[in-house]
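*Asks:* File query.txt below, compact mmCIF, C-alpha atoms:
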# COMPACT_ATOMS: atom_id res chain seq x y z
CA MET A 21 -35.73 23.08 30.73
CA PHE A 22 -33.21 20.85 32.56
CA MET A 23 -32.78 18.49 29.62
CA PHE A 24 -32.33 21.21 27.05
CA THR A 25 -30.12 23.33 29.26
CA ALA A 26 -27.71 20.46 28.68
CA PHE A 27 -28.52 19.68 25.05
CA GLN A 28 -28.87 23.17 23.57
CA THR A 29 -25.67 24.29 25.25
CA CYS A 30 -23.94 21.63 23.17
CA VAL A 31 -25.70 22.69 19.98
CA PHE A 32 -24.27 26.21 20.06
CA THR A 33 -20.71 24.95 19.52
CA ARG A 34 -19.37 24.68 15.95
CA VAL A 35 -18.43 20.99 16.07
CA PHE A 36 -22.08 19.96 16.43
CA THR A 37 -23.16 21.07 12.94
CA CYS A 38 -22.53 17.64 11.41
CA SER A 39 -24.13 15.89 14.38
CA MET A 40 -27.25 18.06 14.18
CA ALA A 41 -27.68 17.32 10.48
CA ILE A 42 -27.66 13.60 11.33
CA ILE A 43 -29.97 14.06 14.32
CA TYR A 44 -32.60 16.00 12.39
CA GLY A 45 -32.41 13.66 9.40
CA VAL A 46 -33.08 10.62 11.61
CA PHE A 47 -35.57 12.69 13.65
CA SER A 48 -37.72 13.32 10.56
CA ALA A 49 -37.84 9.65 9.54
CA SER A 50 -38.49 8.44 13.09
CA ASN A 51 -41.65 10.49 13.37
CA LEU A 52 -43.33 7.72 11.38
CA ILE A 53 -42.95 5.34 14.32
CA ALA A 54 -43.15 7.82 17.20
CA PRO A 55 -46.98 7.81 17.54
CA SER A 56 -46.92 4.01 17.80
CA VAL A 57 -44.33 4.07 20.60
CA VAL A 58 -46.31 6.69 22.52
CA ALA A 59 -49.50 4.67 22.01
CA VAL A 60 -47.90 1.52 23.44
CA ILE A 61 -45.96 2.79 26.48
CA GLY A 62 -47.69 6.10 27.09
CA PRO A 63 -46.39 9.68 26.88
CA GLN A 64 -44.78 9.80 30.33
CA LEU A 65 -42.54 6.76 29.89
CA SER A 66 -41.84 7.83 26.31
CA MET A 67 -40.44 11.14 27.54
CA PHE A 68 -38.46 9.48 30.36
CA PHE A 69 -36.68 6.93 28.18
CA SER A 70 -36.07 9.52 25.47
CA GLY A 71 -34.57 11.77 28.12
CA LEU A 72 -32.15 9.04 29.13
CA VAL A 73 -30.98 8.79 25.53
CA TYR A 74 -30.37 12.56 25.46
CA SER A 75 -28.31 12.20 28.64
CA GLY A 76 -26.29 9.41 27.04
CA TYR A 77 -25.62 11.59 24.00
CA ILE A 78 -24.23 14.37 26.20
CA ALA A 79 -22.21 11.93 28.32
CA MET A 80 -20.59 10.59 25.16
CA PHE A 81 -18.61 13.84 24.84
CA ILE A 82 -16.83 13.25 28.15
CA HIS A 83 -14.61 10.78 26.27
CA PRO A 84 -15.61 11.19 22.60
CA TYR A 85 -14.79 8.78 19.79
CA THR A 86 -15.71 9.05 16.13
CA TRP A 87 -17.86 5.91 16.16
CA SER A 88 -19.71 6.93 19.32
CA PHE A 89 -20.27 10.45 17.96
CA TYR A 90 -22.13 9.24 14.87
CA THR A 91 -23.91 6.36 16.63
CA ALA A 92 -25.20 8.61 19.38
CA SER A 93 -26.39 11.16 16.81
CA VAL A 94 -28.53 8.49 15.12
CA VAL A 95 -29.97 7.15 18.37
CA VAL A 96 -30.81 10.59 19.79
CA GLY A 97 -32.59 11.41 16.50
CA ILE A 98 -34.95 8.49 17.16
CA ALA A 99 -35.40 9.55 20.79
CA ALA A 100 -36.15 13.14 19.76
CA ALA A 101 -39.09 12.06 17.61
CA ILE A 102 -40.60 10.08 20.48
CA LEU A 103 -39.90 12.84 23.03
CA TRP A 104 -41.58 15.63 21.07
CA THR A 105 -44.55 13.53 20.01
CA ALA A 106 -45.16 12.60 23.64
CA GLN A 107 -44.68 16.22 24.73
CA GLY A 108 -47.33 17.43 22.30
CA ASN A 109 -49.72 14.73 23.44
CA LEU A 110 -49.20 15.54 27.13
CA LEU A 111 -49.64 19.25 26.48
CA THR A 112 -52.94 18.58 24.71
CA ILE A 113 -54.50 16.16 27.19
CA ASN A 114 -53.58 18.47 30.07
CA SER A 115 -55.24 21.45 28.37
CA THR A 116 -58.72 22.50 27.39
CA ASP A 117 -59.70 24.52 24.34
CA ALA A 118 -59.58 27.59 26.58
CA THR A 119 -56.10 26.92 28.02
CA ILE A 120 -54.13 25.35 25.17
CA GLY A 121 -52.76 28.75 24.07
CA ARG A 122 -51.75 29.74 27.59
CA ASN A 123 -50.17 26.37 28.34
CA SER A 124 -48.23 26.40 25.07
CA GLY A 125 -46.72 29.74 26.05
CA ILE A 126 -45.84 28.60 29.57
CA PHE A 127 -44.21 25.45 28.20
CA TRP A 128 -42.23 27.40 25.60
CA ALA A 129 -41.00 30.02 28.07
CA LEU A 130 -39.81 27.40 30.57
CA LEU A 131 -38.18 25.33 27.83
CA GLN A 132 -36.24 28.32 26.52
CA PHE A 133 -34.81 29.17 29.92
CA SER A 134 -32.41 26.40 28.89
CA LEU A 135 -30.77 28.74 26.39
CA PHE A 136 -30.26 31.36 29.08
CA PHE A 137 -28.75 29.15 31.80
CA GLY A 138 -26.62 26.88 29.63
CA ASN A 139 -25.05 29.58 27.52
CA MET A 140 -24.43 31.82 30.52
CA TYR A 141 -22.43 28.99 32.08
CA ILE A 142 -20.43 28.46 28.89
CA TYR A 143 -19.81 32.18 28.46
CA PHE A 144 -18.33 32.69 31.92
CA ALA A 145 -16.55 29.33 32.09
CA TRP A 146 -14.82 29.69 28.71
CA HIS A 147 -14.58 33.47 28.44
CA GLY A 148 -11.20 34.42 26.93
CA HIS A 149 -10.24 30.81 26.16
CA VAL A 150 -8.92 30.33 22.63
CA HIS A 151 -8.52 26.57 23.10
CA ILE A 152 -10.56 24.35 25.43
CA SER A 153 -8.57 21.75 27.38
CA ASP A 154 -9.72 18.16 27.87
CA GLU A 155 -10.19 18.84 31.58
CA ASP A 156 -12.42 21.85 30.91
CA ARG A 157 -14.44 19.90 28.37
CA GLN A 158 -14.93 16.94 30.71
CA THR A 159 -16.01 19.20 33.56
CA VAL A 160 -18.63 20.87 31.37
CA PHE A 161 -20.06 17.66 29.93
CA ILE A 162 -20.19 15.85 33.27
CA SER A 163 -22.18 18.78 34.65
CA LEU A 164 -24.47 18.84 31.63
CA THR A 165 -25.07 15.08 31.86
CA VAL A 166 -26.17 15.35 35.49
CA ILE A 167 -28.49 18.26 34.65
CA SER A 168 -30.03 16.27 31.81
CA LEU A 169 -30.64 13.25 34.05
CA VAL A 170 -32.40 15.46 36.59
CA GLY A 171 -34.73 16.62 33.83
CA SER A 172 -35.48 13.05 32.75
CA PHE A 173 -36.52 11.96 36.24
CA LEU A 174 -38.69 15.05 36.68
CA PHE A 175 -41.03 13.61 34.02
CA PHE A 176 -42.30 11.20 36.67
CA LEU A 177 -43.86 14.16 38.49
CA ILE A 178 -46.26 14.81 35.61
CA GLN A 179 -49.79 13.98 36.75
CA LYS A 180 -52.52 12.49 34.61
CA PRO A 181 -55.41 14.90 34.11
CA ASP A 182 -58.70 14.36 35.90
CA PRO A 183 -61.47 13.17 33.58
CA GLU A 184 -63.31 16.44 34.15
CA ALA A 185 -60.29 18.46 33.07
CA THR A 186 -60.27 17.07 29.55
CA PRO A 187 -63.12 17.80 27.19
CA SER A 188 -62.80 14.40 25.59
CA GLU A 189 -61.97 11.12 27.29
CA ALA A 190 -61.78 9.51 23.88
CA SER A 191 -58.35 10.94 23.11
CA GLU A 192 -56.68 9.23 26.07
CA SER A 193 -58.52 5.92 25.70
CA LEU A 194 -57.77 5.89 21.99
CA LEU A 195 -54.08 6.40 22.69
CA GLN A 196 -54.05 3.45 25.10
CA THR A 197 -55.90 0.99 22.84
CA GLU A 198 -54.76 2.01 19.38
CA SER A 199 -52.49 -0.49 17.65
CA THR A 200 -49.04 0.54 16.50
CA GLU A 201 -50.08 0.12 12.87
CA ARG A 202 -53.15 2.35 13.21
CA ALA A 203 -51.18 5.07 15.01
CA SER A 204 -48.69 5.38 12.16
CA ILE A 205 -51.46 5.26 9.55
CA LYS A 206 -53.28 8.05 11.36
CA ALA A 207 -50.18 10.24 11.19
CA LEU A 208 -49.96 9.65 7.44
CA GLN A 209 -53.65 10.48 7.04
CA LEU A 210 -53.33 13.71 9.00
CA SER A 211 -50.32 14.80 6.94
CA VAL A 212 -52.48 15.22 3.81
CA THR A 213 -55.42 17.03 5.40
CA LYS A 214 -56.09 20.59 4.26
CA GLU A 215 -55.37 22.03 7.70
CA MET A 216 -52.05 20.23 8.14
CA LEU A 217 -50.87 21.05 4.63
CA LEU A 218 -51.53 24.74 5.30
CA LEU A 219 -49.66 24.61 8.60
CA SER A 220 -46.78 22.62 7.09
CA ILE A 221 -45.30 25.68 5.37
CA SER A 222 -45.18 27.57 8.68
CA ILE A 223 -43.76 24.52 10.43
CA ALA A 224 -41.13 24.14 7.69
CA TYR A 225 -40.07 27.74 8.30
CA THR A 226 -39.55 27.07 12.02
CA GLY A 227 -37.21 24.23 11.04
CA LEU A 228 -35.12 26.53 8.84
CA GLU A 229 -34.83 29.28 11.42
CA LEU A 230 -34.19 26.73 14.19
CA THR A 231 -31.07 25.69 12.32
CA PHE A 232 -30.12 29.30 11.73
CA TYR A 233 -30.35 30.56 15.31
CA SER A 234 -29.06 27.38 16.97
CA GLY A 235 -26.11 26.73 14.69
CA VAL A 236 -25.46 29.04 11.76
CA TYR A 237 -25.72 32.41 13.48
CA GLY A 238 -23.41 31.45 16.33
CA THR A 239 -20.88 30.21 13.77
CA CYS A 240 -21.14 33.54 11.93
CA ILE A 241 -20.49 35.55 15.08
CA GLY A 242 -17.53 33.36 16.03
CA ALA A 243 -16.05 33.79 12.55
CA MET A 244 -16.09 37.60 12.63
CA THR A 245 -12.49 38.58 13.33
CA GLN A 246 -13.65 42.20 13.50
CA PHE A 247 -15.29 41.37 16.83
CA GLY A 248 -11.83 40.83 18.33
CA GLU A 249 -10.27 37.98 20.29
CA ASP A 250 -13.46 37.33 22.25
CA ALA A 251 -15.50 36.52 19.11
CA LYS A 252 -15.71 32.83 20.08
CA SER A 253 -17.03 33.61 23.56
CA LEU A 254 -19.72 35.79 21.97
CA ILE A 255 -21.37 32.59 20.73
CA GLY A 256 -22.48 31.82 24.27
CA LEU A 257 -23.57 35.41 24.83
CA SER A 258 -25.60 35.24 21.62
CA GLY A 259 -27.33 32.13 22.95
CA ILE A 260 -28.24 34.01 26.13
CA PHE A 261 -29.89 36.82 24.15
CA ILE A 262 -31.74 34.31 21.96
CA GLY A 263 -33.00 32.70 25.17
CA LEU A 264 -34.15 36.06 26.55
CA GLY A 265 -36.18 36.66 23.39
CA GLU A 266 -37.71 33.19 23.56
CA ILE A 267 -38.61 33.58 27.25
CA LEU A 268 -40.15 37.01 26.72
CA GLY A 269 -42.24 35.77 23.81
CA GLY A 270 -43.44 32.69 25.64
CA GLY A 271 -44.35 34.73 28.71
CA VAL A 272 -46.14 37.56 26.94
CA PHE A 273 -48.10 35.43 24.48
CA GLY A 274 -48.70 32.50 26.79
CA MET A 275 -48.58 33.16 30.51
CA LEU A 276 -49.99 36.70 30.31
CA ASN A 277 -52.39 35.57 27.58
CA LYS A 278 -53.18 39.13 26.49
CA CYS A 279 -53.26 38.78 22.72
CA ASN A 280 -55.37 35.66 22.42
CA ARG A 281 -58.72 37.43 22.26
CA PHE A 282 -57.58 38.74 18.87
CA GLY A 283 -56.62 35.24 17.71
CA ARG A 284 -53.22 33.88 16.79
CA ASN A 285 -52.65 35.87 13.59
CA PRO A 286 -51.32 39.10 15.20
CA VAL A 287 -48.67 37.13 17.10
CA VAL A 288 -47.50 35.31 13.97
CA LEU A 289 -47.38 38.57 12.03
CA LEU A 290 -45.29 40.10 14.82
CA GLY A 291 -42.94 37.11 14.59
CA LEU A 292 -42.51 37.60 10.85
CA ILE A 293 -41.79 41.33 11.19
CA THR A 294 -39.33 40.68 14.03
CA HIS A 295 -37.46 38.11 11.97
CA PHE A 296 -37.36 40.29 8.86
CA VAL A 297 -35.82 43.13 10.88
CA ALA A 298 -33.26 40.69 12.33
CA PHE A 299 -32.42 39.25 8.89
CA TYR A 300 -31.86 42.72 7.43
CA LEU A 301 -29.56 43.76 10.27
CA ILE A 302 -27.63 40.47 10.05
CA PHE A 303 -27.25 41.00 6.28
CA LEU A 304 -25.68 44.39 6.97
CA ASN A 305 -23.62 43.46 10.05
CA ILE A 306 -22.15 40.04 9.20
CA ALA A 307 -19.76 39.16 6.35
CA SER A 308 -21.34 37.06 3.62
CA ASP A 309 -18.82 34.20 3.90
CA ALA A 310 -19.09 33.91 7.71
CA PRO A 311 -21.12 30.62 7.68
CA ILE A 312 -18.46 28.85 5.60
CA ALA A 313 -15.36 30.65 6.88
CA PRO A 314 -12.34 28.57 8.04
CA GLU A 315 -11.55 28.11 11.72
CA GLU A 316 -9.41 31.25 11.85
CA GLY A 317 -12.41 33.35 10.79
CA THR A 318 -13.31 35.72 7.96
CA HIS A 319 -11.61 38.96 6.99
CA LEU A 320 -14.28 40.09 4.53
CA GLN A 321 -15.99 43.38 5.32
CA ALA A 322 -19.72 43.58 6.04
CA TYR A 323 -21.88 46.35 4.59
CA ILE A 324 -21.54 48.33 7.82
CA THR A 325 -18.85 48.41 10.48
CA PRO A 326 -19.53 45.18 12.42
CA SER A 327 -21.12 45.86 15.80
CA VAL A 328 -21.33 43.44 18.71
CA GLU A 329 -24.37 45.33 20.01
CA VAL A 330 -26.24 44.91 16.70
CA ALA A 331 -25.26 41.22 16.57
CA LEU A 332 -26.70 40.61 20.06
CA LEU A 333 -29.84 42.63 19.25
CA CYS A 334 -30.36 40.30 16.29
CA SER A 335 -29.96 37.31 18.61
CA PHE A 336 -32.73 38.68 20.80
CA LEU A 337 -34.99 39.34 17.80
CA LEU A 338 -34.39 35.83 16.44
CA GLY A 339 -35.49 34.34 19.76
CA LEU A 340 -38.53 36.60 20.08
CA GLY A 341 -39.72 35.84 16.56
CA ASP A 342 -39.16 32.12 17.01
CA SER A 343 -41.31 32.10 20.15
CA CYS A 344 -44.10 33.89 18.28
CA PHE A 345 -44.25 31.18 15.63
CA ASN A 346 -43.77 28.16 17.87
CA THR A 347 -46.22 29.09 20.64
CA GLN A 348 -48.97 29.72 18.10
CA LEU A 349 -48.21 26.56 16.12
CA LEU A 350 -48.28 24.44 19.29
CA SER A 351 -51.57 26.08 20.21
CA ILE A 352 -53.29 25.66 16.85
CA VAL A 353 -52.14 22.05 16.32
CA GLY A 354 -53.33 21.08 19.81
CA PHE A 355 -56.63 22.88 19.18
CA MET A 356 -57.33 21.48 15.70
CA PHE A 357 -56.23 17.89 16.32
CA ARG A 358 -57.25 17.34 19.95
CA GLU A 359 -58.51 13.81 19.31
CA ASP A 360 -55.33 12.78 17.46
CA SER A 361 -52.71 14.85 19.24
CA ALA A 362 -49.88 12.29 19.19
CA PRO A 363 -50.04 11.64 15.41
CA ALA A 364 -50.55 15.37 14.75
CA PHE A 365 -47.47 16.38 16.70
CA ALA A 366 -45.52 13.61 14.99
CA VAL A 367 -46.38 15.20 11.64
CA PHE A 368 -45.45 18.62 13.10
CA LYS A 369 -42.01 17.40 14.12
CA PHE A 370 -41.54 15.43 10.90
CA VAL A 371 -41.90 18.57 8.79
CA GLN A 372 -39.86 20.73 11.17
CA SER A 373 -37.00 18.28 11.55
CA ILE A 374 -36.66 17.47 7.85
CA THR A 375 -36.31 21.17 6.96
CA ALA A 376 -33.91 21.65 9.88
CA ALA A 377 -31.77 18.79 8.57
CA LEU A 378 -31.85 20.27 5.07
CA ALA A 379 -30.80 23.66 6.46
CA PHE A 380 -27.93 22.15 8.45
CA PHE A 381 -26.75 20.51 5.23
CA TYR A 382 -26.80 23.59 3.01
CA SER A 383 -25.49 25.88 5.77
CA ASN A 384 -22.00 24.51 5.13
CA TYR A 385 -22.10 25.55 1.46
CA LEU A 386 -24.27 28.64 0.95
CA LEU A 387 -23.18 32.20 1.63
CA LEU A 388 -25.08 34.10 4.31
CA HIS A 389 -27.24 36.20 2.00
CA TRP A 390 -28.59 33.12 0.21
CA GLN A 391 -29.49 31.49 3.51
CA LEU A 392 -31.29 34.67 4.63
CA LEU A 393 -33.16 34.86 1.30
CA ILE A 394 -34.43 31.29 1.68
CA MET A 395 -35.80 32.10 5.14
CA VAL A 396 -37.41 35.34 3.94
CA VAL A 397 -39.28 33.55 1.14
CA VAL A 398 -40.38 30.54 3.21
CA GLY A 399 -41.23 32.74 6.21
CA PHE A 400 -43.48 34.98 4.08
CA LEU A 401 -45.27 32.01 2.49
CA GLY A 402 -45.53 30.26 5.87
CA THR A 403 -47.16 33.29 7.46
CA LEU A 404 -49.72 33.55 4.65
CA SER A 405 -50.58 29.85 5.01
CA PHE A 406 -50.93 30.22 8.79
CA LEU A 407 -53.36 33.12 8.32
CA VAL A 408 -55.47 30.93 6.05
CA ALA A 409 -55.33 28.00 8.50
CA GLU A 410 -56.45 30.25 11.34
CA TRP A 411 -59.31 31.52 9.20
CA VAL A 412 -60.34 27.89 8.54
CA VAL A 413 -60.40 27.25 12.30
CA VAL A 414 -62.52 30.32 12.99
CA SER A 415 -64.98 29.65 10.19
CA SER A 416 -65.40 25.95 11.00
CA ARG A 417 -65.86 26.42 14.76
CA ARG A 418 -67.97 29.55 15.03
CA ASP A 419 -70.32 27.80 17.45
CA THR A 420 -67.52 27.13 19.96
CA ASP A 421 -66.17 29.58 22.50
CA TYR A 422 -63.15 30.26 20.30
CA ASP A 423 -62.64 33.87 21.36
CA SER A 424 -61.84 32.76 24.91
CA ILE A 425 -58.73 30.88 23.84
Mind turning this structure into structure tokens?
*Replies:*
Amino acid sequence: MFMFTAFQTCVFTRVFTCSMAIIYGVFSASNLIAPSVVAVIGPQLSMFFSGLVYSGYIAMFIHPYTWSFYTASVVVGIAAAILWTAQGNLLTINSTDATIGRNSGIFWALLQFSLFFGNMYIYFAWHGHVHISDEDRQTVFISLTVISLVGSFLFFLIQKPDPEATPSEASESLLQTESTERASIKALQLSVTKEMLLLSISIAYTGLELTFYSGVYGTCIGAMTQFGEDAKSLIGLSGIFIGLGEILGGGVFGMLNKCNRFGRNPVVLLGLITHFVAFYLIFLNIASDAPIAPEEGTHLQAYITPSVEVALLCSFLLGLGDSCFNTQLLSIVGFMFREDSAPAFAVFKFVQSITAALAFFYSNYLLLHWQLLIMVVVGFLGTLSFLVAEWVVVSSRRDTDYDSI
């Protein structure tokens, strides 16, 4: 939450589109080595050192240079792969089959508080500002750097689970003794299993919509001249509503743990419906050239009279739907690949980051309706593949206490 309060606040500004394309491109490739790094130094140190790199990336914008901008984007892409692989491993070894769903939801809700706090700060600090001065920028990025560093050092408070708390001691001992070569090979082996191939379509969809809600949609809102002079400041407000949707989804489907007795499928179906409603309203409310409009904005008319209220409702629905998909994917990957959690989450992030990088690339060229159509098609196929993957889990583990998850 602390780290990504800093990082995701940066992401919601227009200038970061190029940087994010670089980050996610390097992120995807670096997932090949991430399991090996986690195996050698352990998940806790992996997250700490990766966190320091994130802090360095944010600090770079206090006095930005072109060379440091691109260099930092490459380095943080490598750190991101290690961070998320270690996070998935820590989540798994600190959970049982009965708590992995709940813990995934708690993690996701806390993580997404970052969208709420960071964007609220930006909204009130820069509200009504057409141009941001160097002094204002430096104040914001110094604050964000300190917040990110706090998050990095908090990783040292993570405790190792008691042997009784984990159903298999083999997973932790394997992680400690496995060679770097075997860890990477295991990730490649997992990537072609039937279960992972089924989940990969759903994971790919989360990469596409991650790019959309974290970059493209904010750009679209800021480009709508019909929203008035405060259109730019609405980007931060949109981030707040996305965060509220993410937090609600993580809390309801994780912490409250009410829907799990029916399995994961109803939650994923809810996420798909929520996103389809949001996509339809965005199609009607936002001009088609908004993602590629010049800095002064677009003057094209949408299909309906543009409404700030509808735009913010869509932000909330995007966040809610995203939390539905991600909490259930974290849960099912941790459940299915408990003995190989680090390589499994490396494959997860490889697929997600490569589609996010692809989406950041085409977002600068495709009109809005084509971007929405791509997400509709991939989201529909991803949901179908998730339903099949969940059925495989149920049918292959009927003798376990699956219904208690």
*Asks:* Which one is closest to Val236 of chain A: A:Ser405, A:Ser258, A:Gln158, A:Thr91? Count all atoms listed in the file.
*Replies:*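 Nearest candidate to Val236 of chain A out of A:Ser405, A:Ser258, A:Gln158, A:Thr91: A:Ser258.
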*Asks:* Which is closer to Val46 of chain A than all the others in A:Ile324, A:Met80, A:Ile374, A:Ala59, using all atoms listed in the file?
*Replies:*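 Answer, going by the shortest atom-to-atom distance: A:Ile374.
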*Asks:* Identify which of the residues A:Leu72, A:Ile293, A:Ile53, A:Met67 lies closest to Thr165 of chain A, counting only C-alpha atoms when measuring atom-to-atom distances.
*Replies:* A:Leu72
*Asks:* Give the answer as one residue: which of A:Thr25, A:Ser66, A:Thr318, A:Gln179 has the shortest atom-to-atom distance to Leu164 of chain A, using all atoms listed in the file?
*Replies:*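 For Leu164 of chain A, the nearest of the given residues is A:Thr25.
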*Asks:* Would you kindly return, as a compact mmCIF listing (two decimals) with C-alpha atoms, in the frame of the given file, each protein, DNA or RNA residue with an atom no farther than 10 Å from any atom of Gly138 of chain A, considering all atoms listed in the file and excluding same-chain residues fewer than 4 positions away?
*Replies:*
# COMPACT_ATOMS: atom_id res chain seq x y z
CA MET A 21 -35.73 23.08 30.73
CA PHE A 22 -33.21 20.85 32.56
CA PHE A 24 -32.33 21.21 27.05
CA THR A 25 -30.12 23.33 29.26
CA ALA A 26 -27.71 20.46 28.68
CA PHE A 27 -28.52 19.68 25.05
CA GLN A 28 -28.87 23.17 23.57
CA THR A 29 -25.67 24.29 25.25
CA CYS A 30 -23.94 21.63 23.17
CA PHE A 32 -24.27 26.21 20.06
CA PHE A 133 -34.81 29.17 29.92
CA SER A 134 -32.41 26.40 28.89
CA ILE A 142 -20.43 28.46 28.89
CA TYR A 143 -19.81 32.18 28.46
CA LEU A 164 -24.47 18.84 31.63
CA GLY A 256 -22.48 31.82 24.27
CA GLY A 259 -27.33 32.13 22.95
CA ILE A 260 -28.24 34.01 26.13
CA GLY A 263 -33.00 32.70 25.17
*Asks:* Determine, counting only C-alpha atoms, which protein, DNA and RNA residues have an atom within 12 Å of an atom of Thr213 of chain A; residues of the same chain fewer than 3 positions away are not included. Present the result as a PyMOL selection string.
*Replies:* chain A and resi 206-210+216-220+356-357+364+367+409
*Asks:* Which residue out of A:Thr112, A:Thr159, A:Gln372, A:Thr403 has the minimum interatomic distance to Val287 of chain A when only C-alpha atoms are used?
*Replies:* A:Thr403
*Asks:* A:Pro311, A:Gly291, A:Gly238, A:Gly270: which is nearest Leu130 of chain A, counting all atoms listed in the file?
*Replies:*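 Smallest separation from Leu130 of chain A among the options: A:Gly270.
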*Asks:* May I ask for the distance between atom CA of Leu304 of chain A and atom CA of Ser343 of chain A, given in Å to one decimal place?
*Replies:*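 Result for atom CA of Leu304 of chain A versus atom CA of Ser343 of chain A: 23.9 Å, one decimal.
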*Asks:* Residues near Gln132 of chain A, anyone? I mean within 6 Å using only C-alpha atoms, not counting same-chain ones fewer than 3 positions away, as a PyMOL selection string.
*Replies:* chain A and resi 129+135+263+266-267
*Asks:* Suppose you want the space between atom CA of Pro55 of chain A and atom CA of Leu177 of chain A; what is it in Å?
*Replies:* 22.1 Å
*Asks:* Given the point (-46.6, 16.4, 23.5) in the coordinates of this file, which residues lie within 12 Å, counting only C-alpha atoms, and how would they look as number ranges by chain?
*Replies:* A: 54-55, 58, 62-64, 66-67, 100-115, 120, 123-124, 127, 350-351, 353-354, 358, 360-369
*Asks:* Please indicate the distance in Å from atom CA of Tyr85 of chain A to atom CA of Ala310 of chain A, rounded to one decimal place.
*Replies:*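 These atoms are spaced 28.2 Å apart.
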*Asks:* Counting only C-alpha atoms, select every polymer residue within 9 Å of (-33.2, 43.4, 13.5) as defined in the file's coordinates, and provide the selection as a VMD selection string.
*Replies:* chain A and resid 294 to 302 330 to 331 333 to 338
